[in-house]
Protein chains: 2
Amino acid sequence: MNFSAKTEYGVRLMVELGRHEGERPTSLKAIAEAERLPLSYLEHVVADLKRADLVVATRGAHGGYRLSRPAGEIAMDEVVKALEGQIAPMDCFSAGDTHRVVCSHEADDGRACATKLLWTRVQGGVVRALHKTTLAELVEFSSSPRAAA
Amino acid sequence: MNFSAKTEYGVRLMVELGRHEGERPTSLKAIAEAERLPLSYLEHVVADLKRADLVVATRGAHGGYRLSRPAGEIAMDEVVKALEGQIAPMDCFSAGDTHRVVCSHEADDGRACATKLLWTRVQGGVVRALHKTTLAELVEFSSSPRAAA
DNA sequence: GCATAACCGACTCCGCTGCTAGGATTTCCT
DNA sequence: AGGAAATCCTAGCAGCGGAGTCGGTTATGC
């Protein structure tokens with residue numbers, strides 16, 4: 001169970017933007033240098049965030065990115081969903097249940113899929129944890145030298 | 001964010017064993033057929049479960065596997081941990097660096113890793129959800145045609 | 001002693017993730 | 001006007017790990 005590096009990068013990117021809230025837009029290059037992340041890859045990451053309307057871009061010289069809303073109003077489940085695609089602990093939880101036979105025997109005899117209950121609870125736990133955390137919290141946390149979880 | 005198929009298989013395997021609690025040991029072959037899973041792969045899965053003392057094996061003819069404890073006393077976080085290796089939403093959360101989670105740029109300037117707070121909460125949410133679910137619950141859930149999460 | 005079944009390790013296949021490359025487009029500044 | 005600095009797009013690639021196979025060995029019941 002792990003989130004992709006893309007998600008990690010995206011969260012870091014968002015935090016970086018949150019740190020410069022109210023200022024002029026921040027360029028990807030600046031973020032890449034601050035966080036020591038590959039610039040060319042960040043382009044893909046930020047594209048996801050933009051598609052989800054979490055970020056607003058300004059093109060051209062002195063352009064860059066800004067948060068679309070105040071950091072305090074951005075719940076982290078939105079961010080992670082935008083980057084990860086969906087928050088589902090098992091493939092059969094996403095919309096396109098393509099090839100694999102994960103929940104196969106559910107339809108067979110009407111018996112409930114044993115693991116469904118488990119994954120549902122896990123999913124709930126994750127989403128709740130993400131939802132109750134705002135970007136502003138992360139920004140603050142990353143600024144203070146010591147803080148509790 | 002998803003768990004591996006191995007974990008899904010392992011949970012199903014455990015449920016299947018739970019269903020036959022108190023009986024003679026169940027062979028992998030029987031489980032593979034019941035759940036329509038590849039037998040040869042299940043061998044690896046069950047090996048993990050055995051290593052974690054969640055399952056007891058009986059070798060030879062009429063052998064098979066049994067739960068090491070009553071299903072009601074087996075919390076699902078144990079099972080998932082045994083199969084998944086660890087429950088960490090990010091690589092830097094893996095065991096080994098307990099006291100100080102190393103997140104690349106954290107060591108640089110003493111600034112806390114922004115994402116640490118987030119992943120810690122997520123991890124907590126997952127572990128809590130898994131821990132409060134017992135194997136017995138899943139067994140019961142999979143037997144009744146309809147139940148709520 | 002034969003069938004059954006756990007045990008073990010090595011090996012292959014494939015998809016996905018992370019990352020790069022190159023170009024096109026937009027905008028600011030002088 | 002023209003160049004520099006950015007976002008934007010698409011294609012492609014390489015490595016790695018997950019999923020599954022296979023052959024063989026050991027242990028046990030009948």
# chains A, B, ... in the order shown; residues from 1 in each chain; ligands from 1
>>> interface_residues(of="chain B", to="chain D", cutoff="8 Å", atoms="only C-alpha atoms (C1' of nucleotides)", output="list in words")
Ser4, Pro38, Ser40, Tyr41, Arg59, Gly60, Ala61 and His62 of chain B
>>> write_last_selection(atoms="C-alpha atoms", output="mmCIF file, in the first residue's frame")
data_model
loop_
_atom_site.group_PDB
_atom_site.id
_atom_site.type_symbol
_atom_site.label_atom_id
_atom_site.label_comp_id
_atom_site.auth_asym_id
_atom_site.auth_seq_id
_atom_site.Cartn_x
_atom_site.Cartn_y
_atom_site.Cartn_z
ATOM 1 C CA SER B 4 -1.644 -5.739 -4.111
ATOM 2 C CA PRO B 38 -4.117 -19.806 -9.173
ATOM 3 C CA SER B 40 0.765 -22.045 -7.555
ATOM 4 C CA TYR B 41 0.567 -18.424 -6.613
ATOM 5 C CA ARG B 59 2.027 -31.605 5.786
ATOM 6 C CA GLY B 60 1.397 -34.780 3.897
ATOM 7 C CA ALA B 61 -1.761 -36.419 2.687
ATOM 8 C CA HIS B 62 -4.979 -34.955 4.070
#
>>> interface_residues(of="chain C", to="chain A", cutoff="12 Å", atoms="only C-alpha atoms (C1' of nucleotides)", output="number ranges by chain")
C: 16-22, 25-29
>>> calpha_fit_rmsd(fixed="chain A", moving="chain B")
2.6 Å
>>> closest_residue(among="A:Pro89, A:Arg51, A:Ser143, A:Val46", to="Val126 in chain B", atoms="only C-alpha atoms")
A:Pro89
>>> select_by_dssp(residues="chain A", states="strand (DSSP E)", output="JSON, numbers by chain")
{"A": [55, 56, 57, 58, 64, 65, 66, 67]}
>>> residues_around(residues="Arg19 in chain A", least_positions_apart="6", cutoff="12 Å", atoms="only C-alpha atoms (C1' of nucleotides)", output="MDAnalysis selection string")
(chainID A and resid 12:13 25:26 31 34 66:67 70:72 135:143) or (chainID B and resid 114)
>>> interface_residues(of="chain B", to="chain A", cutoff="8 Å", atoms="only C-alpha atoms", output="count of residues only")
45
>>> select_by_dssp(residues="chain B", states="alpha helix (DSSP H)", output="ChimeraX atom specification")
/B:5-19,28-35,39-51,76-84,106-109,114-131,135-143
>>> write_last_selection(atoms="C-alpha atoms", output="PDB file, in the first residue's frame")
ATOM      1  CA  ALA B   5      -3.578  -8.652  -5.488  1.00  0.00           C
ATOM      2  CA  LYS B   6      -1.517 -10.810  -3.198  1.00  0.00           C
ATOM      3  CA  THR B   7      -3.163  -9.145  -0.239  1.00  0.00           C
ATOM      4  CA  GLU B   8      -6.580  -9.650  -1.717  1.00  0.00           C
ATOM      5  CA  TYR B   9      -5.813 -13.312  -2.261  1.00  0.00           C
ATOM      6  CA  GLY B  10      -4.461 -13.663   1.226  1.00  0.00           C
ATOM      7  CA  VAL B  11      -7.516 -12.145   2.810  1.00  0.00           C
ATOM      8  CA  ARG B  12      -9.752 -14.406   0.789  1.00  0.00           C
ATOM      9  CA  LEU B  13      -7.663 -17.347   1.815  1.00  0.00           C
ATOM     10  CA  MET B  14      -8.007 -16.410   5.460  1.00  0.00           C
ATOM     11  CA  VAL B  15     -11.749 -16.011   5.107  1.00  0.00           C
ATOM     12  CA  GLU B  16     -11.949 -19.409   3.503  1.00  0.00           C
ATOM     13  CA  LEU B  17     -10.023 -20.913   6.397  1.00  0.00           C
ATOM     14  CA  GLY B  18     -12.268 -19.085   8.816  1.00  0.00           C
ATOM     15  CA  ARG B  19     -15.253 -20.662   7.181  1.00  0.00           C
ATOM     16  CA  LEU B  28      -4.600 -25.057  -0.800  1.00  0.00           C
ATOM     17  CA  LYS B  29      -6.080 -26.841  -3.759  1.00  0.00           C
ATOM     18  CA  ALA B  30      -9.522 -26.701  -2.218  1.00  0.00           C
ATOM     19  CA  ILE B  31      -9.134 -23.002  -1.520  1.00  0.00           C
ATOM     20  CA  ALA B  32      -7.853 -22.303  -5.001  1.00  0.00           C
ATOM     21  CA  GLU B  33     -10.872 -23.971  -6.499  1.00  0.00           C
ATOM     22  CA  ALA B  34     -13.353 -22.342  -4.173  1.00  0.00           C
ATOM     23  CA  GLU B  35     -11.985 -18.885  -4.821  1.00  0.00           C
ATOM     24  CA  LEU B  39      -2.896 -22.544  -6.880  1.00  0.00           C
ATOM     25  CA  SER B  40       0.765 -22.045  -7.555  1.00  0.00           C
ATOM     26  CA  TYR B  41       0.567 -18.424  -6.613  1.00  0.00           C
ATOM     27  CA  LEU B  42      -1.387 -19.139  -3.467  1.00  0.00           C
ATOM     28  CA  GLU B  43       1.617 -21.061  -2.240  1.00  0.00           C
ATOM     29  CA  HIS B  44       3.557 -17.835  -1.987  1.00  0.00           C
ATOM     30  CA  VAL B  45       0.663 -16.085  -0.359  1.00  0.00           C
ATOM     31  CA  VAL B  46       0.160 -18.671   2.305  1.00  0.00           C
ATOM     32  CA  ALA B  47       3.882 -18.745   2.972  1.00  0.00           C
ATOM     33  CA  ASP B  48       3.676 -15.126   4.112  1.00  0.00           C
ATOM     34  CA  LEU B  49       0.749 -15.919   6.350  1.00  0.00           C
ATOM     35  CA  LYS B  50       2.558 -18.844   7.870  1.00  0.00           C
ATOM     36  CA  ARG B  51       5.648 -16.788   8.502  1.00  0.00           C
ATOM     37  CA  MET B  76      -7.070  -7.719   9.901  1.00  0.00           C
ATOM     38  CA  ASP B  77      -4.166  -5.347  10.286  1.00  0.00           C
ATOM     39  CA  GLU B  78      -2.036  -8.342  11.164  1.00  0.00           C
ATOM     40  CA  VAL B  79      -3.125 -10.134   8.047  1.00  0.00           C
ATOM     41  CA  VAL B  80      -2.556  -7.199   5.762  1.00  0.00           C
ATOM     42  CA  LYS B  81       0.771  -6.395   7.322  1.00  0.00           C
ATOM     43  CA  ALA B  82       1.908  -9.957   6.814  1.00  0.00           C
ATOM     44  CA  LEU B  83       1.002  -9.814   3.149  1.00  0.00           C
ATOM     45  CA  GLU B  84       1.814  -6.254   2.257  1.00  0.00           C
ATOM     46  CA  GLU B 106      13.925  17.300   5.751  1.00  0.00           C
ATOM     47  CA  ALA B 107      17.506  17.029   6.889  1.00  0.00           C
ATOM     48  CA  ASP B 108      18.472  20.113   4.941  1.00  0.00           C
ATOM     49  CA  ASP B 109      17.245  22.928   7.076  1.00  0.00           C
ATOM     50  CA  ALA B 114       5.344  18.881   4.749  1.00  0.00           C
ATOM     51  CA  THR B 115       3.896  15.593   3.698  1.00  0.00           C
ATOM     52  CA  LYS B 116       4.791  13.755   6.860  1.00  0.00           C
ATOM     53  CA  LEU B 117       1.777  15.038   8.713  1.00  0.00           C
ATOM     54  CA  LEU B 118      -0.490  13.961   5.923  1.00  0.00           C
ATOM     55  CA  TRP B 119       0.867  10.482   5.475  1.00  0.00           C
ATOM     56  CA  THR B 120       0.925   9.917   9.189  1.00  0.00           C
ATOM     57  CA  ARG B 121      -2.770  10.636   9.379  1.00  0.00           C
ATOM     58  CA  VAL B 122      -3.513   8.446   6.410  1.00  0.00           C
ATOM     59  CA  GLN B 123      -1.533   5.611   7.851  1.00  0.00           C
ATOM     60  CA  GLY B 124      -3.401   5.999  11.115  1.00  0.00           C
ATOM     61  CA  GLY B 125      -6.710   5.882   9.314  1.00  0.00           C
ATOM     62  CA  VAL B 126      -5.815   2.726   7.468  1.00  0.00           C
ATOM     63  CA  VAL B 127      -4.397   0.907  10.437  1.00  0.00           C
ATOM     64  CA  ARG B 128      -7.358   1.818  12.593  1.00  0.00           C
ATOM     65  CA  ALA B 129      -9.800   0.604   9.979  1.00  0.00           C
ATOM     66  CA  LEU B 130      -7.930  -2.649   9.613  1.00  0.00           C
ATOM     67  CA  HIS B 131      -7.392  -3.167  13.288  1.00  0.00           C
ATOM     68  CA  LEU B 135     -11.486 -12.003  10.446  1.00  0.00           C
ATOM     69  CA  ALA B 136     -14.640 -13.345  12.055  1.00  0.00           C
ATOM     70  CA  GLU B 137     -16.527 -10.307  10.832  1.00  0.00           C
ATOM     71  CA  LEU B 138     -15.468 -10.946   7.280  1.00  0.00           C
ATOM     72  CA  VAL B 139     -16.407 -14.589   7.527  1.00  0.00           C
ATOM     73  CA  GLU B 140     -19.837 -13.691   8.742  1.00  0.00           C
ATOM     74  CA  PHE B 141     -20.213 -10.947   6.164  1.00  0.00           C
ATOM     75  CA  SER B 142     -19.339 -13.280   3.340  1.00  0.00           C
ATOM     76  CA  SER B 143     -21.891 -15.814   4.492  1.00  0.00           C
TER      77      SER B 143
END
